[in-house]
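Worksheet: one structure, shown below.
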Amino acid sequence: MKNKIGLPVGVLLILAWCLLPVAWIISLSFKSQTAITNGSPGFFPASGDGAGWQNYADVLANDQFRRAIINSIGISLIATTLSVLIATLAAYAIARLEFRGKKLVLTMALVIAMFPVVSLVGPLFDLWRAVGLYDTWPGLIIPYLSFTLPLAIWTLSAFFREIPWEMEQAAQVDGATSWQAFRRVIVPLAAPGVFTAAILTFFFAWNDFVFGISLTSTEAARPIPASLSFFVGSDPFNRPASLLAAGAVISTIPIVIIILLFQRKIVAGLTSGAVKG
Amino acid sequence: MAAIDMKNIVKKYGDGFPAVNDVSIDVQDGEFMILVGPSGCGKSTLLRMIVGLEDITDGDMMIGDKRVNDLAPRDRNLAMVFQNYALYPHLTVYENIAFPLRLAKAPDSEVDEKVRAASATLELDEHLERKPGNLSGGQRQRVAMGRAIVRDADAFLFDEPLSNLDAKLRGQMRSEIARLQKRLGITTVYVTHDQTEAMTLGDRVAVLKRGVLQQLATPRELYENPGNLFVAGFIGSPPMNFLPATVEGTSVQLPFGSVEIPAAKAAKAEGRGLLIAGVRPGDFEDAAVADKQGGSTFHATVDRVEWLGNEAYAYVPFEAPDEVRDQLTQLEKDLDGDSLRTQLVVGLDGSSRVAAGDEAEIWMNTDKLHLFDPATGENLTVDRERAGRLEERALTTV
């Protein structure tokens, strides 16, 4: 009995804890600027304080913000695709082949993943300016790749190791080349791993602030998180909090969509039935 | 279709241990060949060398007239059924069976025709749209076979295909495989550790031990004329009894008394000192119900009786001298067994009234008695005309 009550209560507590800030941002995004300046403590806008969809319309009408959205989506998608592609091939090699320095590759990957992002920003800033990558899409995609690849490789090689050798051998006996066996049997079986890696990479790229603000200077490449910090209204002492809230909500939407899309693909037990359990 | 000829095949792993040691087996076109032996005898390795999943260290692998040592699996045109089926879980049963055809870029109409034919043969019609994960063990097994028969492969290779099924299903699938092979008339190599499968399925059986071929013969030849102790102990269930024996003239001294054997047999074992006599449980009978001619009888105290209805097994413990005991202990190890007790298993007719504790008179068919050299394991009384191919190399001191 105790468990039956305890579980929902616990779940509700955690949900409230996690969702309260989100709910508050949503609430803010529907209040008018004046209401916030005057102090509007209620969760729901008081009468006359509501702004309706006006904040959203304002944000979307802002050219700077629209550019940032395009930058963020483009950079994150390219980084994710490349990262998953490279990681799939690398992880397959690590899971299946015996080669010298395999341990080294895995260890190096972990070391890179643990490297503090901030410590790299300074050198990268100088380097990028020298080679002309500063304030460009590749200038952000490359650091995102190097920080997400290790995790993706580790995740995927774990998935590949789970797939029985026989699957591949059966495909080869059935007449497949190594590449066909990989593409038609192994990759579909590792799909949950591929999507997990994709989500992790997309998160990192989408949420990154440090690189986004340090390695860009104009709308040419500036992603949303950096762009939001430049969102200053007419009065620098009175930042447009409700507009910012609307921007934050909008920038969360792609993440939610991606999660909902990919979550369906991450179904456990896809390999069940391949071999006798 | 093609014959498979293995010539002096050797497989050495990195540490130099020969997993398969100089094995030569000729599989005729259309023949059902069984590779059998306890675990670690190299039978699966040999099969994987035929299909190309293991490199061949030395020797020639011929399929048809072609040497295939250096060909990739896909270029050997063989179909294989794996022990764990290795079905593709993301594809439907239909696409699983169609997989080899799709790789060969067959047109859809041909794929459909062949897949439907295979599924009809294997009675998989109502499962074609399901995924392997939703099938029972026997159904998965049939899908794996469907994937093999859908192509025009030169030969079928089976790697312990029934070991994951329960006993009843195993029996059904066994006869299913035999029927299918006879109907398709396709060369088949079948690996198993189960001597029942070996006896019932094979045209010929190759018995392997620790990478060395022991004997290559028909099931009947193996049963009646085992070339050495190992084959004698491996083939037959319950296994052959091994007793210490000394031959004097035409009489053999056994732990329970002496029996007379045919002069021809006795001559082969004359003056060899202590030997191991081998008698199958079925070659005994309760003297009270036996109406058999010839043979010999002896008296023994029965320790335990298992009555199964149509037959019964009586157990008679005996003491073996150390020299024989060592050889028998080693044999048990080779056979994956661990029984340390030396006892005689006597097969009795179901009508026998012998009970535990009785002093019974037991008849023995001495024509079927084998005599083995305890040092080499060689069967001294083997009929070489009816023993298939014996490997002299298999006769080594253990």
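How things are named: the first chain in the structure tokens is A, the next is B, and so on; residues count from 1 in each chain; ligands count from 1 in the order shown.
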Pull the strand (DSSP E or B) assignments for segment 90-216 of chain B out of DSSP run on the backbone, and list those residues as a PDB file with N, CA and C atoms, in the first residue's frame.
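What follows is the written file part-v5.pdb:
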```pdb
ATOM      1  N   ALA B 155      25.294 -26.260 -51.431  1.00  0.00           N
ATOM      2  CA  ALA B 155      25.201 -27.172 -50.293  1.00  0.00           C
ATOM      3  C   ALA B 155      24.576 -26.453 -49.107  1.00  0.00           C
ATOM      4  N   PHE B 156      24.000 -27.238 -48.210  1.00  0.00           N
ATOM      5  CA  PHE B 156      23.473 -26.722 -46.946  1.00  0.00           C
ATOM      6  C   PHE B 156      24.468 -27.025 -45.847  1.00  0.00           C
ATOM      7  N   LEU B 157      24.631 -26.080 -44.946  1.00  0.00           N
ATOM      8  CA  LEU B 157      25.457 -26.333 -43.779  1.00  0.00           C
ATOM      9  C   LEU B 157      24.607 -26.051 -42.549  1.00  0.00           C
ATOM     10  N   PHE B 158      24.577 -26.973 -41.628  1.00  0.00           N
ATOM     11  CA  PHE B 158      23.806 -26.793 -40.393  1.00  0.00           C
ATOM     12  C   PHE B 158      24.762 -26.808 -39.215  1.00  0.00           C
ATOM     13  N   ASP B 159      24.674 -25.799 -38.370  1.00  0.00           N
ATOM     14  CA  ASP B 159      25.510 -25.772 -37.171  1.00  0.00           C
ATOM     15  C   ASP B 159      24.626 -26.003 -35.951  1.00  0.00           C
ATOM     16  N   THR B 187      23.569 -31.585 -51.255  1.00  0.00           N
ATOM     17  CA  THR B 187      24.705 -31.907 -50.392  1.00  0.00           C
ATOM     18  C   THR B 187      24.541 -31.182 -49.054  1.00  0.00           C
ATOM     19  N   THR B 188      24.702 -31.902 -47.955  1.00  0.00           N
ATOM     20  CA  THR B 188      24.472 -31.298 -46.655  1.00  0.00           C
ATOM     21  C   THR B 188      25.571 -31.691 -45.672  1.00  0.00           C
ATOM     22  N   VAL B 189      26.062 -30.706 -44.958  1.00  0.00           N
ATOM     23  CA  VAL B 189      26.991 -30.994 -43.864  1.00  0.00           C
ATOM     24  C   VAL B 189      26.328 -30.482 -42.591  1.00  0.00           C
ATOM     25  N   TYR B 190      26.248 -31.347 -41.598  1.00  0.00           N
ATOM     26  CA  TYR B 190      25.442 -31.077 -40.419  1.00  0.00           C
ATOM     27  C   TYR B 190      26.296 -31.329 -39.179  1.00  0.00           C
ATOM     28  N   VAL B 191      26.439 -30.300 -38.365  1.00  0.00           N
ATOM     29  CA  VAL B 191      27.253 -30.430 -37.158  1.00  0.00           C
ATOM     30  C   VAL B 191      26.356 -30.668 -35.959  1.00  0.00           C
ATOM     31  N   THR B 192      26.695 -31.620 -35.132  1.00  0.00           N
ATOM     32  CA  THR B 192      25.919 -31.866 -33.925  1.00  0.00           C
ATOM     33  C   THR B 192      26.807 -32.506 -32.876  1.00  0.00           C
ATOM     34  N   ARG B 204      26.517 -40.620 -43.935  1.00  0.00           N
ATOM     35  CA  ARG B 204      27.768 -40.996 -43.296  1.00  0.00           C
ATOM     36  C   ARG B 204      28.045 -40.039 -42.146  1.00  0.00           C
ATOM     37  N   VAL B 205      28.826 -40.512 -41.197  1.00  0.00           N
ATOM     38  CA  VAL B 205      29.106 -39.731 -40.000  1.00  0.00           C
ATOM     39  C   VAL B 205      30.614 -39.650 -39.816  1.00  0.00           C
ATOM     40  N   ALA B 206      31.117 -38.435 -39.600  1.00  0.00           N
ATOM     41  CA  ALA B 206      32.531 -38.264 -39.274  1.00  0.00           C
ATOM     42  C   ALA B 206      32.629 -37.971 -37.787  1.00  0.00           C
ATOM     43  N   VAL B 207      33.292 -38.849 -37.039  1.00  0.00           N
ATOM     44  CA  VAL B 207      33.437 -38.646 -35.601  1.00  0.00           C
ATOM     45  C   VAL B 207      34.768 -37.964 -35.342  1.00  0.00           C
ATOM     46  N   LEU B 208      34.720 -36.845 -34.633  1.00  0.00           N
ATOM     47  CA  LEU B 208      35.930 -36.077 -34.361  1.00  0.00           C
ATOM     48  C   LEU B 208      36.200 -36.026 -32.871  1.00  0.00           C
ATOM     49  N   LYS B 209      37.479 -36.005 -32.533  1.00  0.00           N
ATOM     50  CA  LYS B 209      37.869 -35.798 -31.142  1.00  0.00           C
ATOM     51  C   LYS B 209      39.085 -34.898 -31.135  1.00  0.00           C
ATOM     52  N   VAL B 212      40.880 -34.185 -34.338  1.00  0.00           N
ATOM     53  CA  VAL B 212      41.351 -35.298 -35.165  1.00  0.00           C
ATOM     54  C   VAL B 212      40.166 -36.162 -35.562  1.00  0.00           C
ATOM     55  N   LEU B 213      40.094 -36.496 -36.856  1.00  0.00           N
ATOM     56  CA  LEU B 213      39.045 -37.390 -37.339  1.00  0.00           C
ATOM     57  C   LEU B 213      39.305 -38.791 -36.798  1.00  0.00           C
ATOM     58  N   GLN B 214      38.288 -39.397 -36.186  1.00  0.00           N
ATOM     59  CA  GLN B 214      38.454 -40.723 -35.598  1.00  0.00           C
ATOM     60  C   GLN B 214      38.003 -41.810 -36.561  1.00  0.00           C
ATOM     61  N   GLN B 215      36.837 -41.608 -37.126  1.00  0.00           N
ATOM     62  CA  GLN B 215      36.283 -42.612 -38.024  1.00  0.00           C
ATOM     63  C   GLN B 215      35.245 -41.949 -38.908  1.00  0.00           C
ATOM     64  N   LEU B 216      35.214 -42.358 -40.164  1.00  0.00           N
ATOM     65  CA  LEU B 216      34.258 -41.812 -41.126  1.00  0.00           C
ATOM     66  C   LEU B 216      33.516 -42.996 -41.716  1.00  0.00           C
TER      67      LEU B 216
END
```
With 9 Å as the cut-off and only C-alpha atoms counted, what is the closest atom pair between each nearby residue of chain B and chain A? Distances in Å to one decimal, ordered by chain and number, as a tab-separated table.
```
residue	atom	partner	partner_atom	distance
B:Val51	CA	A:Val173	CA	7.2
B:Gly52	CA	A:Val173	CA	8.2
B:Leu53	CA	A:Gln169	CA	7.1
B:Ala72	CA	A:Gln172	CA	8.3
B:Pro73	CA	A:Val173	CA	5.1
B:Arg74	CA	A:Gly175	CA	4.0
B:Asp75	CA	A:Gly175	CA	7.1
B:Arg76	CA	A:Val173	CA	8.1
B:Asn77	CA	A:Gly175	CA	7.6
B:Leu78	CA	A:Val173	CA	6.8
B:Ala79	CA	A:Val173	CA	6.5
B:Met80	CA	A:Val173	CA	6.9
B:Val81	CA	A:Ala170	CA	8.1
B:Phe82	CA	A:Glu166	CA	7.5
B:Gln83	CA	A:Lys276	CA	8.7
B:Asn84	CA	A:Val275	CA	5.0
B:Tyr85	CA	A:Val275	CA	5.8
B:Ala86	CA	A:Met167	CA	5.1
B:Leu87	CA	A:Ala274	CA	4.8
B:Tyr88	CA	A:Ala274	CA	5.6
B:Pro89	CA	A:Ala274	CA	4.8
B:His90	CA	A:Leu189	CA	6.8
B:Phe99	CA	A:Asp174	CA	7.4
B:Pro100	CA	A:Asp174	CA	4.9
B:Leu101	CA	A:Asp174	CA	8.5
B:Leu103	CA	A:Ala176	CA	6.3
B:Ala104	CA	A:Gly175	CA	7.2
B:Lys131	CA	A:Gly273	CA	7.9
B:Pro132	CA	A:Gly273	CA	5.1
B:Gly133	CA	A:Gly273	CA	3.5
B:Asn134	CA	A:Gly273	CA	7.1
B:Leu135	CA	A:Gly273	CA	7.6
B:Gly137	CA	A:Lys276	CA	7.5
B:Arg140	CA	A:Gly273	CA	8.3
B:Arg147	CA	A:Asp174	CA	8.2
B:Ala148	CA	A:Asp174	CA	8.1
B:Arg151	CA	A:Asp174	CA	8.7
B:Asn164	CA	A:Lys276	CA	7.3
```
Q: Excluding segment 365-367 of chain B and any residue of its chain fewer than 5 positions from it, enumerate the residues within 8 Å of it, using only C-alpha atoms, and give them as a ChimeraX atom specification.
A: /B:259-262,283-284,294-296
Q. Taking the backbone alone, and naming residues the way the document does, which bits of segment 110-246 of chain A are alpha helix (DSSP H) by DSSP, as a PyMOL selection string?
A. chain A and resi 110-114+117-131+137-162+165-173+178-181+187-189+191-207+210-214+224-229+241-246
Saved selection, atoms kept: C-alpha atoms, as a CSV table (one decimal), in the first residue's frame:
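Heads up, here's the output in again-v2.csv:
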```csv
chain,number,residue,atom,x,y,z
A,110,LEU,CA,36.9,9.9,-23.0
A,111,VAL,CA,39.7,12.4,-22.2
A,112,ILE,CA,38.4,14.8,-24.9
A,113,ALA,CA,34.9,14.4,-23.6
A,114,MET,CA,36.1,15.4,-20.1
A,117,VAL,CA,34.9,23.5,-22.9
A,118,VAL,CA,35.8,26.9,-21.5
A,119,SER,CA,39.6,26.3,-21.6
A,120,LEU,CA,39.5,25.7,-25.3
A,121,VAL,CA,37.6,28.9,-26.2
A,122,GLY,CA,40.6,31.2,-26.0
A,123,PRO,CA,42.9,29.2,-28.3
A,124,LEU,CA,40.0,28.4,-30.7
A,125,PHE,CA,39.1,32.1,-30.9
A,126,ASP,CA,42.7,33.0,-32.0
A,127,LEU,CA,43.0,30.0,-34.3
A,128,TRP,CA,39.6,30.5,-36.0
A,129,ARG,CA,40.4,34.2,-36.6
A,130,ALA,CA,43.7,33.2,-38.2
A,131,VAL,CA,42.2,30.5,-40.5
A,137,TRP,CA,28.9,27.8,-39.4
A,138,PRO,CA,31.9,25.4,-39.8
A,139,GLY,CA,33.6,27.4,-37.0
A,140,LEU,CA,30.9,26.1,-34.6
A,141,ILE,CA,30.2,22.7,-36.2
A,142,ILE,CA,33.9,21.6,-35.8
A,143,PRO,CA,34.1,22.2,-32.0
A,144,TYR,CA,30.6,20.6,-31.5
A,145,LEU,CA,31.8,17.5,-33.4
A,146,SER,CA,34.9,17.1,-31.4
A,147,PHE,CA,33.0,17.3,-28.1
A,148,THR,CA,30.0,15.1,-29.1
A,149,LEU,CA,31.9,12.4,-31.1
A,150,PRO,CA,33.4,10.7,-28.0
A,151,LEU,CA,30.0,10.2,-26.3
A,152,ALA,CA,28.5,9.1,-29.6
A,153,ILE,CA,31.3,6.6,-30.2
A,154,TRP,CA,31.0,5.2,-26.7
A,155,THR,CA,27.2,4.9,-26.9
A,156,LEU,CA,27.3,3.3,-30.4
A,157,SER,CA,30.1,0.9,-29.8
A,158,ALA,CA,28.2,-0.5,-26.8
A,159,PHE,CA,25.2,-1.0,-29.0
A,160,PHE,CA,27.3,-2.7,-31.7
A,161,ARG,CA,28.9,-5.0,-29.2
A,162,GLU,CA,25.4,-6.2,-28.2
A,165,TRP,CA,28.4,-11.7,-34.7
A,166,GLU,CA,26.2,-14.3,-36.3
A,167,MET,CA,23.9,-11.7,-37.7
A,168,GLU,CA,26.7,-10.4,-39.8
A,169,GLN,CA,28.0,-13.8,-40.7
A,170,ALA,CA,24.6,-14.9,-41.7
A,171,ALA,CA,24.3,-11.9,-44.0
A,172,GLN,CA,27.7,-12.7,-45.5
A,173,VAL,CA,26.8,-16.3,-46.2
A,178,SER,CA,30.9,-6.5,-45.6
A,179,TRP,CA,29.4,-3.1,-46.4
A,180,GLN,CA,26.0,-4.6,-47.3
A,181,ALA,CA,26.0,-6.6,-44.1
A,187,VAL,CA,22.8,-0.3,-38.8
A,188,PRO,CA,19.1,-1.1,-38.6
A,189,LEU,CA,19.7,-3.2,-35.5
A,191,ALA,CA,19.1,2.1,-34.7
A,192,PRO,CA,18.3,2.8,-31.0
A,193,GLY,CA,21.9,3.5,-30.4
A,194,VAL,CA,22.1,5.8,-33.5
A,195,PHE,CA,19.1,7.8,-32.3
A,196,THR,CA,20.5,8.0,-28.8
A,197,ALA,CA,23.7,9.4,-30.1
A,198,ALA,CA,21.8,11.8,-32.4
A,199,ILE,CA,19.8,13.2,-29.5
A,200,LEU,CA,22.9,13.6,-27.3
A,201,THR,CA,24.7,15.4,-30.1
A,202,PHE,CA,21.7,17.6,-31.0
A,203,PHE,CA,21.3,18.6,-27.3
A,204,PHE,CA,24.9,19.6,-27.0
A,205,ALA,CA,24.9,21.7,-30.2
A,206,TRP,CA,21.5,23.3,-29.5
A,207,ASN,CA,22.2,24.2,-25.9
A,210,VAL,CA,30.1,29.3,-24.6
A,211,PHE,CA,31.2,28.6,-28.2
A,212,GLY,CA,28.2,30.3,-29.6
A,213,ILE,CA,29.0,33.6,-27.9
A,214,SER,CA,32.8,33.5,-28.2
A,224,ILE,CA,19.9,31.2,-30.3
A,225,PRO,CA,21.4,31.0,-26.8
A,226,ALA,CA,24.0,33.6,-27.7
A,227,SER,CA,21.5,35.6,-29.6
A,228,LEU,CA,19.1,35.8,-26.6
A,229,SER,CA,21.8,37.3,-24.5
A,241,ALA,CA,12.0,40.0,-19.9
A,242,SER,CA,8.7,39.0,-21.5
A,243,LEU,CA,10.2,39.0,-25.0
A,244,LEU,CA,13.2,37.0,-23.7
A,245,ALA,CA,10.7,34.5,-22.2
A,246,ALA,CA,8.9,34.1,-25.5
```
**Q.** Selection near Pro45 of chain A, 12 Å with only C-alpha atoms, sequence-local residues under 4 positions removed, as a ChimeraX atom specification
**A.** /A:24,26-36,39-41,49-52,242
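Between atom CA of Ala387 of chain B and atom CA of Pro219 of chain B lies a distance of 9.8 Å.
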Q | Separation of atom CA of Ala98 of chain B from atom CA of Gly146 of chain B, in Å and rounded to one decimal | A | 8.9 Å
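Between atom CA of Ser217 of chain A and atom CA of Ile250 of chain A there is a distance of 22.4 Å.
For Thr57 of chain B, the list of residues within 8 Å, based on only C-alpha atoms and with local chain neighbours fewer than 3 positions off taken out, reads Ile9, Val10, Lys11 and Lys12 of chain B.
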